[in-house]
$ cat protein12.cif   # mmCIF, C-alpha atoms and all ligand atoms
data_run
#
loop_
_atom_site.label_atom_id
_atom_site.label_comp_id
_atom_site.auth_asym_id
_atom_site.auth_seq_id
_atom_site.Cartn_x
_atom_site.Cartn_y
_atom_site.Cartn_z
CA MET A 1 0.00 0.00 0.00
CA THR A 2 1.48 3.42 -0.90
CA ALA A 3 0.56 6.89 0.36
CA SER A 4 -1.62 8.95 -1.92
CA PRO A 5 -0.54 12.58 -2.30
CA ALA A 6 -3.88 13.52 -0.75
CA LEU A 7 -2.96 11.59 2.42
CA LEU A 8 0.26 13.58 2.88
CA GLU A 9 -1.54 16.81 2.08
CA LEU A 10 -4.13 16.03 4.77
CA ALA A 11 -1.40 15.23 7.29
CA VAL A 12 0.36 18.52 6.48
CA ASP A 13 -2.88 20.48 6.87
CA ILE A 14 -3.69 18.84 10.22
CA ALA A 15 -0.11 19.33 11.47
CA ARG A 16 -0.22 23.01 10.60
CA GLU A 17 -3.54 23.55 12.44
CA ALA A 18 -2.30 21.55 15.43
CA GLY A 19 1.04 23.38 15.52
CA GLU A 20 -0.64 26.75 15.40
CA LEU A 21 -2.84 25.75 18.36
CA ALA A 22 0.21 24.55 20.31
CA ALA A 23 2.06 27.81 19.63
CA ARG A 24 -1.00 29.87 20.63
CA ARG A 25 -1.35 28.00 23.91
CA ARG A 26 2.38 28.44 24.54
CA ARG A 27 2.00 32.23 24.16
CA GLU A 28 -0.97 32.17 26.56
CA GLY A 29 1.00 30.25 29.19
CA VAL A 30 1.41 26.50 29.74
CA SER A 31 0.09 24.49 32.69
CA ILE A 32 1.25 21.01 33.65
CA ALA A 33 -1.77 18.71 33.70
CA ALA A 34 -0.12 15.59 35.14
CA THR A 35 3.03 13.49 35.39
CA LYS A 36 3.22 10.04 33.76
CA SER A 37 6.06 7.50 34.02
CA ALA A 38 8.23 9.69 36.28
CA LEU A 39 8.12 13.13 37.91
CA ALA A 40 10.00 14.53 34.91
CA ASP A 41 7.57 12.93 32.42
CA ILE A 42 4.97 15.68 32.18
CA VAL A 43 1.88 16.26 30.09
CA THR A 44 0.41 19.71 29.59
CA GLU A 45 -3.18 20.69 28.96
CA ALA A 46 -2.00 21.74 25.49
CA ASP A 47 -0.69 18.21 24.75
CA ARG A 48 -4.16 16.86 25.42
CA GLU A 49 -5.97 19.63 23.53
CA VAL A 50 -3.72 19.35 20.48
CA GLU A 51 -4.03 15.58 20.33
CA SER A 52 -7.81 15.91 20.59
CA LEU A 53 -7.83 18.33 17.64
CA ILE A 54 -5.72 15.95 15.55
CA ARG A 55 -7.84 12.94 16.48
CA ASP A 56 -11.09 14.76 15.67
CA ARG A 57 -9.79 15.91 12.28
CA ILE A 58 -8.74 12.37 11.36
CA ALA A 59 -12.03 10.88 12.58
CA ALA A 60 -13.94 13.35 10.43
CA GLU A 61 -11.90 12.90 7.26
CA ARG A 62 -10.58 9.32 7.54
CA PRO A 63 -13.04 7.53 9.86
CA ASP A 64 -11.79 4.00 9.00
CA ASP A 65 -8.16 4.76 9.84
CA GLY A 66 -6.67 3.76 13.17
CA PHE A 67 -5.07 6.11 15.71
CA LEU A 68 -2.17 5.68 18.12
CA GLY A 69 -1.44 8.79 20.16
CA GLU A 70 0.83 9.57 23.09
CA GLU A 71 -1.93 11.00 25.25
CA SER A 72 -5.14 9.21 24.30
CA GLY A 73 -4.16 5.68 23.35
CA ALA A 74 -5.17 3.54 20.44
CA GLY A 75 -8.13 3.36 18.05
CA GLU A 76 -8.59 0.30 15.84
CA SER A 77 -8.01 0.57 12.08
CA ARG A 78 -10.56 -0.74 9.57
CA SER A 79 -8.64 0.60 6.57
CA GLY A 80 -5.26 -0.95 7.38
CA LEU A 81 -3.80 2.53 8.00
CA THR A 82 -2.98 3.99 11.41
CA TRP A 83 -2.06 7.57 12.30
CA VAL A 84 0.79 7.53 14.88
CA VAL A 85 0.81 10.90 16.64
CA ASP A 86 2.85 12.84 19.17
CA PRO A 87 0.89 16.06 19.56
CA ILE A 88 3.75 17.96 21.16
CA ASP A 89 7.07 16.13 20.94
CA GLY A 90 9.58 17.86 23.17
CA THR A 91 7.06 18.47 25.92
CA VAL A 92 9.64 19.59 28.47
CA ASN A 93 11.09 22.11 25.97
CA TYR A 94 7.53 23.31 25.35
CA ALA A 95 6.84 23.72 29.07
CA TYR A 96 10.09 25.67 29.56
CA GLY A 97 9.51 27.88 26.51
CA ILE A 98 12.43 26.43 24.51
CA PRO A 99 11.46 26.70 20.81
CA ALA A 100 12.36 23.05 20.02
CA TYR A 101 9.11 21.09 19.98
CA ALA A 102 7.05 19.62 17.16
CA VAL A 103 3.78 18.09 16.10
CA SER A 104 4.75 14.66 14.78
CA ILE A 105 2.27 12.76 12.59
CA GLY A 106 3.15 9.46 10.93
CA ILE A 107 0.83 7.32 8.80
CA VAL A 108 1.64 3.61 8.67
CA SER A 109 0.13 0.45 7.21
CA GLY A 110 0.09 -2.83 9.09
CA ARG A 111 0.40 -3.36 12.82
CA PRO A 112 1.27 0.02 14.47
CA ASP A 113 4.60 -1.30 15.80
CA PRO A 114 7.94 -0.04 14.43
CA ALA A 115 9.06 -3.66 13.98
CA ALA A 116 6.02 -4.45 11.83
CA TRP A 117 4.66 -1.30 10.18
CA THR A 118 5.32 0.18 6.75
CA ALA A 119 5.65 3.93 7.06
CA LEU A 120 3.74 5.68 4.25
CA ALA A 121 3.88 9.38 5.12
CA GLY A 122 5.11 11.67 7.86
CA VAL A 123 5.04 15.30 8.93
CA VAL A 124 7.12 16.99 11.65
CA PHE A 125 6.16 20.62 12.25
CA ASN A 126 7.96 22.98 14.65
CA PRO A 127 5.64 26.02 14.79
CA ALA A 128 8.08 27.99 16.94
CA VAL A 129 10.47 28.37 13.99
CA GLY A 130 8.17 27.45 11.08
CA ASP A 131 10.01 24.31 9.96
CA LEU A 132 7.63 21.83 8.36
CA PHE A 133 9.34 18.58 7.37
CA ARG A 134 7.42 16.07 5.28
CA ALA A 135 8.04 12.74 3.60
CA ALA A 136 6.12 10.10 1.67
CA GLN A 137 7.25 6.58 0.84
CA GLY A 138 9.21 6.68 -2.41
CA GLU A 139 8.71 10.42 -2.78
CA GLY A 140 11.66 11.75 -0.78
CA ALA A 141 11.85 13.94 2.30
CA TRP A 142 11.36 17.69 2.07
CA LEU A 143 11.70 20.92 4.04
CA GLY A 144 9.63 23.43 2.11
CA ASP A 145 10.76 23.00 -1.52
CA ARG A 146 14.21 21.65 -0.52
CA ARG A 147 14.67 17.92 -1.03
CA LEU A 148 16.58 16.52 1.94
CA ALA A 149 19.68 14.31 1.99
CA VAL A 150 21.61 12.88 4.91
CA ASN A 151 25.33 13.61 5.32
CA ASP A 152 27.30 10.66 3.95
CA PRO A 153 30.19 10.32 4.53
CA VAL A 154 30.60 12.66 7.46
CA SER A 155 33.43 15.17 7.94
CA ASP A 156 36.91 14.01 8.93
CA ALA A 157 36.38 16.22 12.00
CA GLY A 158 33.96 13.62 13.33
CA ALA A 159 30.18 13.26 13.51
CA LEU A 160 27.75 15.78 14.97
CA LEU A 161 25.61 13.38 17.00
CA ALA A 162 22.34 13.88 18.86
CA THR A 163 21.03 11.72 21.64
CA GLY A 164 18.57 11.80 24.53
CA PHE A 165 18.03 10.55 28.06
CA GLY A 166 14.94 8.95 29.52
CA TYR A 167 12.73 10.42 32.18
CA ASP A 168 13.64 7.66 34.66
CA PRO A 169 16.83 8.65 36.54
CA ALA A 170 17.65 4.94 36.93
CA THR A 171 18.39 4.76 33.18
CA HIS A 172 20.82 7.68 33.09
CA ALA A 173 23.98 5.77 34.09
CA GLY A 174 23.51 3.32 31.20
CA ASP A 175 22.75 6.11 28.74
CA LEU A 176 25.88 8.01 29.82
CA ALA A 177 28.03 4.87 29.56
CA ARG A 178 26.75 4.35 26.01
CA LEU A 179 27.52 7.99 25.16
CA THR A 180 31.08 7.53 26.44
CA LYS A 181 31.54 4.54 24.10
CA VAL A 182 30.20 6.50 21.10
CA MET A 183 32.11 9.73 21.82
CA PRO A 184 35.28 8.79 19.83
CA LEU A 185 33.13 9.02 16.66
CA ALA A 186 31.82 12.49 17.54
CA ARG A 187 33.01 16.02 16.87
CA ASP A 188 30.32 17.11 19.32
CA ILE A 189 26.98 16.14 20.84
CA ARG A 190 23.58 17.83 20.71
CA ARG A 191 20.70 17.06 23.08
CA ILE A 192 17.73 18.75 21.39
CA GLY A 193 15.00 17.12 23.49
CA ALA A 194 12.58 16.11 20.74
CA ALA A 195 13.19 12.85 18.90
CA SER A 196 11.14 13.91 15.88
CA LEU A 197 13.36 16.99 15.44
CA ASP A 198 16.50 14.88 15.95
CA LEU A 199 15.37 12.52 13.19
CA ALA A 200 14.27 15.33 10.88
CA GLY A 201 17.64 16.98 11.58
CA VAL A 202 19.49 13.86 10.40
CA ALA A 203 17.35 13.79 7.25
CA ALA A 204 18.13 17.48 6.62
CA GLY A 205 21.87 17.14 7.22
CA ARG A 206 21.67 19.36 10.32
CA LEU A 207 22.95 16.36 12.30
CA ASP A 208 25.14 13.52 11.10
CA GLY A 209 23.51 10.92 13.33
CA TYR A 210 21.18 10.28 16.26
CA PHE A 211 20.73 7.49 18.76
CA GLU A 212 18.42 7.10 21.73
CA ARG A 213 17.06 4.34 23.94
CA GLY A 214 13.46 4.38 25.07
CA LEU A 215 11.58 6.00 22.19
CA HIS A 216 7.88 5.38 21.76
CA PRO A 217 6.29 4.69 18.36
CA TRP A 218 4.87 8.24 18.22
CA ASP A 219 8.33 9.78 18.78
CA MET A 220 9.73 8.20 15.64
CA ALA A 221 6.96 7.22 13.18
CA ALA A 222 7.32 10.36 11.05
CA GLY A 223 11.00 11.17 11.56
CA ALA A 224 12.30 7.68 10.78
CA LEU A 225 10.61 7.79 7.36
CA MET A 226 12.25 11.16 6.68
CA VAL A 227 15.69 9.69 7.37
CA THR A 228 15.20 6.72 5.02
CA GLU A 229 13.65 8.88 2.32
CA ALA A 230 16.72 11.17 2.62
CA GLY A 231 19.07 8.24 1.95
CA GLY A 232 19.78 7.30 5.54
CA ARG A 233 19.41 4.16 7.63
CA VAL A 234 17.30 3.65 10.75
CA GLY A 235 17.52 0.60 13.00
CA GLY A 236 18.12 -0.85 16.41
CA ILE A 237 20.70 -3.06 18.08
CA GLY A 238 22.17 -6.03 16.20
CA GLY A 239 20.13 -5.51 13.06
CA ALA A 240 16.81 -5.25 14.91
CA ALA A 241 14.18 -2.72 13.92
CA ALA A 242 14.33 0.64 15.66
CA GLY A 243 12.15 0.80 18.75
CA ARG A 244 12.00 1.16 22.49
CA SER A 245 15.30 -0.69 23.09
CA MET A 246 17.24 1.57 20.70
CA THR A 247 16.84 3.86 17.73
CA ILE A 248 19.90 4.67 15.59
CA ALA A 249 19.66 6.96 12.54
CA ALA A 250 22.43 8.18 10.21
CA GLY A 251 23.81 7.99 6.68
CA PRO A 252 24.89 4.48 5.66
CA ASP A 253 28.60 4.75 6.60
CA LEU A 254 28.05 6.34 10.02
CA PHE A 255 25.09 4.03 10.70
CA ALA A 256 27.36 1.00 10.22
CA ARG A 257 29.95 2.46 12.60
CA LEU A 258 27.35 3.38 15.22
CA THR A 259 25.75 -0.06 15.14
CA GLU A 260 29.16 -1.68 15.70
CA ILE A 261 29.56 0.33 18.93
CA ILE A 262 25.98 0.47 20.24
CA VAL A 263 25.38 -3.13 21.26
CA GLU A 264 23.26 -2.54 24.38
C1 LIG B 301 10.64 13.14 24.26
C2 LIG B 301 11.50 12.65 23.12
C3 LIG B 301 12.97 12.91 23.44
C4 LIG B 301 13.35 12.15 24.68
C5 LIG B 301 12.50 12.63 25.83
C6 LIG B 301 11.01 12.46 25.53
P1 LIG B 301 8.08 13.74 24.64
O1 LIG B 301 9.28 12.90 23.93
O2 LIG B 301 11.14 13.31 21.94
O3 LIG B 301 13.81 12.49 22.38
O4 LIG B 301 14.71 12.32 24.96
O5 LIG B 301 12.85 11.91 26.97
O6 LIG B 301 10.70 11.09 25.43
O7 LIG B 301 7.90 13.14 26.00
O8 LIG B 301 8.50 15.16 24.71
O9 LIG B 301 6.88 13.53 23.74
#

$ encode --input "protein12.cif" --output "structure tokens"
Amino acid sequence: MTASPALLELAVDIAREAGELAARRRREGVSIAATKSALADIVTEADREVESLIRDRIAAERPDDGFLGEESGAGESRSGLTWVVDPIDGTVNYAYGIPAYAVSIGIVSGRPDPAAWTALAGVVFNPAVGDLFRAAQGEGAWLGDRRLAVNDPVSDAGALLATGFGYDPATHAGDLARLTKVMPLARDIRRIGAASLDLAGVAAGRLDGYFERGLHPWDMAAGALMVTEAGGRVGGIGGAAAGRSMTIAAGPDLFARLTEIIVE
């Protein structure tokens, strides 16, 4: 099953409306609605409101499609397609007023699991700076009218790598040990705080590579497609699919070197 242009256009339109709502609520002031897996794992009222807008738009225009969202759970698919949505990826940045957050909308066929799905289309929209990344299977990845390409090979100075750390403090020692092992490949590290922007950054050549443990399907559904449509590779440990245990994204040469080092 391939994505129709109309499907990507709808996802872009919904992402724009959702992003504009998120930015408006940010200007009005953000309130923390609850914490989830850990004290640092917050959800704002805007997260919930934006996801509700996205879900309602999809239900109205694609009622047979499934839904998997960070804040409101799953809805069964009758069409074989599922919309995998993070309404505000980079929630902590959003709450602090750091302009590095995004609406991330991926559309997949098959079981909505990164190990099983086929990604058809994706949009990552950062309304704070106006960057709208989009990709469709076989149609490339784009930022505005610029077709995106990963950096391959990377500079002799080393790779500009992004990573992230989970909300559970108990995971930080392992994440830092992994970073220490990867550091000899790096010219420097960036910790942007939104996986969808990390992945879109790799696709756009703003980063050479990205790796992070603990991502959810909604963090990566759109951005992973952008990387592969920009000529990059996305995967997990030991040839596994990307997912909760590990997500690695880079151009082919750096991806091979990262996967040799990142073995747990
Ligand atoms: C975030 C990810 C980020 C990760 C954070 C968090 P959220 O998603 O995009 O890469 O490091 O821990 O999971 O919670 O902002 O939607």

$ axis_aligned_box --input "protein12.cif" --around "ligand LIG 301 (chain B)" --padding-each-side "3 Å" --output "JSON"
{"center_x": 10.8, "center_y": 13.1, "center_z": 24.5, "size_x": 13.8, "size_y": 10.1, "size_z": 11.0}

$ closest_residue --input "protein12.cif" --among "A:Ala203, A:Val154, A:Met226, A:Ala95" --to "ligand LIG 301 (chain B)" --atoms "only C-alpha atoms and all ligand atoms"
A:Ala95

$ residues_near_ligand --input "protein12.cif" --ligand "ligand LIG 301 (chain B)" --cutoff "7 Å" --atoms "all atoms listed in the file" --output "list of chain:residue names"
A:Asp41, A:Asp86, A:Ile88, A:Asp89, A:Gly90, A:Thr91, A:Val92, A:Gly164, A:Phe165, A:Gly166, A:Tyr167, A:Gly193, A:Ala194, A:Ala195, A:Ser196, A:Leu215, A:Asp219

$ atom_distance --input "protein12.cif" --atom1 "CA of Ser4 (chain A)" --atom2 "CA of Ser52 (chain A)"
24.4 Å

$ atom_distance --input "protein12.cif" --atom1 "CA of Val123 (chain A)" --atom2 "CA of Glu9 (chain A)"
9.6 Å

$ residues_around --input "protein12.cif" --residues "Gly239 (chain A)" --least-positions-apart "5" --cutoff "12 Å" --atoms "all atoms listed in the file" --output "JSON, numbers by chain"
{"A": [115, 233, 234, 246, 247, 248, 255, 256, 258, 259, 260, 262, 263]}

$ write_last_selection --input "protein12.cif" --atoms "C-alpha atoms" --output "PDB file, keeping the file's coordinate frame"
ATOM      1  CA  ALA A 115       9.060  -3.660  13.980  1.00  0.00           C
ATOM      2  CA  ARG A 233      19.410   4.160   7.630  1.00  0.00           C
ATOM      3  CA  VAL A 234      17.300   3.650  10.750  1.00  0.00           C
ATOM      4  CA  MET A 246      17.240   1.570  20.700  1.00  0.00           C
ATOM      5  CA  THR A 247      16.840   3.860  17.730  1.00  0.00           C
ATOM      6  CA  ILE A 248      19.900   4.670  15.590  1.00  0.00           C
ATOM      7  CA  PHE A 255      25.090   4.030  10.700  1.00  0.00           C
ATOM      8  CA  ALA A 256      27.360   1.000  10.220  1.00  0.00           C
ATOM      9  CA  LEU A 258      27.350   3.380  15.220  1.00  0.00           C
ATOM     10  CA  THR A 259      25.750  -0.060  15.140  1.00  0.00           C
ATOM     11  CA  GLU A 260      29.160  -1.680  15.700  1.00  0.00           C
ATOM     12  CA  ILE A 262      25.980   0.470  20.240  1.00  0.00           C
ATOM     13  CA  VAL A 263      25.380  -3.130  21.260  1.00  0.00           C
TER      14      VAL A 263
END

$ closest_residue --input "protein12.cif" --among "A:Ile261, A:Arg111, A:Ala240, A:Phe125" --to "Met183 (chain A)" --atoms "all atoms listed in the file"
A:Ile261

$ closest_residue --input "protein12.cif" --among "A:Phe133, A:Phe211, A:Phe67, A:Tyr101" --to "Leu225 (chain A)" --atoms "all atoms listed in the file"
A:Phe133

$ residues_around --input "protein12.cif" --residues "Arg191 (chain A)" --least-positions-apart "6" --cutoff "12 Å" --atoms "all atoms listed in the file" --output "PDB file with C-alpha atoms, in the frame of the given file"
ATOM      1  CA  GLY A  90       9.580  17.860  23.170  1.00  0.00           C
ATOM      2  CA  ASN A  93      11.090  22.110  25.970  1.00  0.00           C
ATOM      3  CA  ALA A 100      12.360  23.050  20.020  1.00  0.00           C
ATOM      4  CA  LEU A 160      27.750  15.780  14.970  1.00  0.00           C
ATOM      5  CA  LEU A 161      25.610  13.380  17.000  1.00  0.00           C
ATOM      6  CA  ALA A 162      22.340  13.880  18.860  1.00  0.00           C
ATOM      7  CA  THR A 163      21.030  11.720  21.640  1.00  0.00           C
ATOM      8  CA  GLY A 164      18.570  11.800  24.530  1.00  0.00           C
ATOM      9  CA  PHE A 165      18.030  10.550  28.060  1.00  0.00           C
ATOM     10  CA  GLY A 166      14.940   8.950  29.520  1.00  0.00           C
ATOM     11  CA  LEU A 179      27.520   7.990  25.160  1.00  0.00           C
ATOM     12  CA  LEU A 197      13.360  16.990  15.440  1.00  0.00           C
ATOM     13  CA  ASP A 198      16.500  14.880  15.950  1.00  0.00           C
ATOM     14  CA  GLY A 201      17.640  16.980  11.580  1.00  0.00           C
ATOM     15  CA  LEU A 207      22.950  16.360  12.300  1.00  0.00           C
ATOM     16  CA  GLY A 209      23.510  10.920  13.330  1.00  0.00           C
ATOM     17  CA  TYR A 210      21.180  10.280  16.260  1.00  0.00           C
ATOM     18  CA  PHE A 211      20.730   7.490  18.760  1.00  0.00           C
ATOM     19  CA  GLU A 212      18.420   7.100  21.730  1.00  0.00           C
TER      20      GLU A 212
END

$ residues_near_point --input "protein12.cif" --point "(12.8, 6.6, 32.2)" --cutoff "10 Å" --atoms "only C-alpha atoms" --output "VMD selection string"
chain A and resid 37 to 41 165 to 172 213 to 214

$ atom_distance --input "protein12.cif" --atom1 "CA of Glu20 (chain A)" --atom2 "CA of Arg55 (chain A)"
15.6 Å

$ closest_residue --input "protein12.cif" --among "A:Val202, A:Ala6, A:Ala222, A:Ile105" --to "Ala119 (chain A)" --atoms "only C-alpha atoms"
A:Ala222

$ residues_around --input "protein12.cif" --residues "Gly75 (chain A)" --least-positions-apart "6" --cutoff "10 Å" --atoms "only C-alpha atoms" --output "ChimeraX atom specification"
/A:55,64-69,82-83

$ write_last_selection --input "protein12.cif" --atoms "C-alpha atoms" --output "short mmCIF file (atom, residue, chain, number, x, y, z; two decimals), in the frame of the given file"
data_model
loop_
_atom_site.label_atom_id
_atom_site.label_comp_id
_atom_site.auth_asym_id
_atom_site.auth_seq_id
_atom_site.Cartn_x
_atom_site.Cartn_y
_atom_site.Cartn_z
CA ARG A 55 -7.84 12.94 16.48
CA ASP A 64 -11.79 4.00 9.00
CA ASP A 65 -8.16 4.76 9.84
CA GLY A 66 -6.67 3.76 13.17
CA PHE A 67 -5.07 6.11 15.71
CA LEU A 68 -2.17 5.68 18.12
CA GLY A 69 -1.44 8.79 20.16
CA THR A 82 -2.98 3.99 11.41
CA TRP A 83 -2.06 7.57 12.30
#

$ closest_residue --input "protein12.cif" --among "A:Asn126, A:Thr44, A:Thr35, A:Asn151" --to "Ile98 (chain A)" --atoms "all atoms listed in the file"
A:Asn126

$ closest_residue --input "protein12.cif" --among "A:Ala204, A:Ala249, A:Ala159, A:Leu185" --to "Gly144 (chain A)" --atoms "all atoms listed in the file"
A:Ala204

$ closest_atom_pairs --input "protein12.cif" --of "region 67-174 of chain A" --to "region 10-14 of chain A" --cutoff "9 Å" --atoms "only C-alpha atoms" --output "Markdown table"
| residue | atom | partner | partner_atom | distance |
| --- | --- | --- | --- | --- |
| A:Ile105 | CA | A:Ala11 | CA | 6.9 |
| A:Gly106 | CA | A:Ala11 | CA | 8.2 |
| A:Ile107 | CA | A:Ala11 | CA | 8.4 |
| A:Ala121 | CA | A:Ala11 | CA | 8.2 |
| A:Gly122 | CA | A:Ala11 | CA | 7.4 |
| A:Val123 | CA | A:Val12 | CA | 6.2 |
| A:Val124 | CA | A:Val12 | CA | 8.6 |
| A:Phe125 | CA | A:Val12 | CA | 8.4 |
| A:Leu132 | CA | A:Val12 | CA | 8.2 |
| A:Arg134 | CA | A:Val12 | CA | 7.6 |

$ residues_near_point --input "protein12.cif" --point "(-3.8, 17.7, 30.9)" --cutoff "12 Å" --atoms "only C-alpha atoms" --output "count of residues only"
21

$ build_atoms --input "protein12.cif" --residues "region 127-147 of chain A" --atoms "N, CA, C and O atoms" --output "mmCIF file, in the coordinates of the input"
data_model
loop_
_atom_site.group_PDB
_atom_site.id
_atom_site.type_symbol
_atom_site.label_atom_id
_atom_site.label_comp_id
_atom_site.auth_asym_id
_atom_site.auth_seq_id
_atom_site.Cartn_x
_atom_site.Cartn_y
_atom_site.Cartn_z
ATOM 1 N N PRO A 127 6.268 24.720 15.053
ATOM 2 C CA PRO A 127 5.640 26.020 14.790
ATOM 3 C C PRO A 127 6.417 27.195 15.368
ATOM 4 O O PRO A 127 6.254 28.330 14.934
ATOM 5 N N ALA A 128 7.317 26.894 16.314
ATOM 6 C CA ALA A 128 8.080 27.990 16.940
ATOM 7 C C ALA A 128 9.053 28.628 15.953
ATOM 8 O O ALA A 128 9.379 29.811 16.071
ATOM 9 N N VAL A 129 9.523 27.816 14.978
ATOM 10 C CA VAL A 129 10.470 28.370 13.990
ATOM 11 C C VAL A 129 9.938 28.254 12.563
ATOM 12 O O VAL A 129 10.566 28.741 11.616
ATOM 13 N N GLY A 130 8.807 27.540 12.401
ATOM 14 C CA GLY A 130 8.170 27.450 11.080
ATOM 15 C C GLY A 130 8.684 26.340 10.207
ATOM 16 O O GLY A 130 8.344 26.256 9.025
ATOM 17 N N ASP A 131 9.504 25.431 10.756
ATOM 18 C CA ASP A 131 10.010 24.310 9.960
ATOM 19 C C ASP A 131 8.943 23.224 9.845
ATOM 20 O O ASP A 131 8.492 22.673 10.861
ATOM 21 N N LEU A 132 8.557 22.929 8.600
ATOM 22 C CA LEU A 132 7.630 21.830 8.360
ATOM 23 C C LEU A 132 8.319 20.806 7.465
ATOM 24 O O LEU A 132 8.517 21.031 6.274
ATOM 25 N N PHE A 133 8.701 19.684 8.086
ATOM 26 C CA PHE A 133 9.340 18.580 7.370
ATOM 27 C C PHE A 133 8.249 17.609 6.935
ATOM 28 O O PHE A 133 7.314 17.354 7.695
ATOM 29 N N ARG A 134 8.403 17.049 5.724
ATOM 30 C CA ARG A 134 7.420 16.070 5.280
ATOM 31 C C ARG A 134 8.099 15.006 4.435
ATOM 32 O O ARG A 134 9.161 15.250 3.862
ATOM 33 N N ALA A 135 7.494 13.835 4.400
ATOM 34 C CA ALA A 135 8.040 12.740 3.600
ATOM 35 C C ALA A 135 6.910 11.791 3.231
ATOM 36 O O ALA A 135 5.932 11.655 3.963
ATOM 37 N N ALA A 136 7.049 11.157 2.086
ATOM 38 C CA ALA A 136 6.120 10.100 1.670
ATOM 39 C C ALA A 136 6.955 8.976 1.084
ATOM 40 O O ALA A 136 8.011 9.228 0.459
ATOM 41 N N GLN A 137 6.502 7.756 1.284
ATOM 42 C CA GLN A 137 7.250 6.580 0.840
ATOM 43 C C GLN A 137 7.540 6.666 -0.664
ATOM 44 O O GLN A 137 6.614 6.815 -1.463
ATOM 45 N N GLY A 138 8.830 6.632 -0.997
ATOM 46 C CA GLY A 138 9.210 6.680 -2.410
ATOM 47 C C GLY A 138 9.199 8.049 -3.033
ATOM 48 O O GLY A 138 9.518 8.216 -4.216
ATOM 49 N N GLU A 139 8.832 9.065 -2.238
ATOM 50 C CA GLU A 139 8.710 10.420 -2.780
ATOM 51 C C GLU A 139 9.727 11.389 -2.186
ATOM 52 O O GLU A 139 9.664 12.587 -2.425
ATOM 53 N N GLY A 140 10.633 10.889 -1.375
ATOM 54 C CA GLY A 140 11.660 11.750 -0.780
ATOM 55 C C GLY A 140 11.180 12.442 0.478
ATOM 56 O O GLY A 140 10.028 12.328 0.887
ATOM 57 N N ALA A 141 12.122 13.154 1.098
ATOM 58 C CA ALA A 141 11.850 13.940 2.300
ATOM 59 C C ALA A 141 12.115 15.404 1.949
ATOM 60 O O ALA A 141 13.075 15.703 1.203
ATOM 61 N N TRP A 142 11.306 16.280 2.490
ATOM 62 C CA TRP A 142 11.360 17.690 2.070
ATOM 63 C C TRP A 142 11.245 18.629 3.257
ATOM 64 O O TRP A 142 10.581 18.320 4.247
ATOM 65 N N LEU A 143 11.896 19.780 3.135
ATOM 66 C CA LEU A 143 11.700 20.920 4.040
ATOM 67 C C LEU A 143 11.357 22.097 3.121
ATOM 68 O O LEU A 143 12.227 22.587 2.402
ATOM 69 N N GLY A 144 10.069 22.462 3.121
ATOM 70 C CA GLY A 144 9.630 23.430 2.110
ATOM 71 C C GLY A 144 9.843 22.822 0.734
ATOM 72 O O GLY A 144 9.453 21.676 0.496
ATOM 73 N N ASP A 145 10.535 23.539 -0.157
ATOM 74 C CA ASP A 145 10.760 23.000 -1.520
ATOM 75 C C ASP A 145 12.166 22.415 -1.661
ATOM 76 O O ASP A 145 12.637 22.153 -2.770
ATOM 77 N N ARG A 146 12.862 22.220 -0.506
ATOM 78 C CA ARG A 146 14.210 21.650 -0.520
ATOM 79 C C ARG A 146 14.125 20.155 -0.259
ATOM 80 O O ARG A 146 13.618 19.725 0.787
ATOM 81 N N ARG A 147 14.618 19.368 -1.242
ATOM 82 C CA ARG A 147 14.670 17.920 -1.030
ATOM 83 C C ARG A 147 15.832 17.609 -0.090
ATOM 84 O O ARG A 147 16.936 18.120 -0.255
#
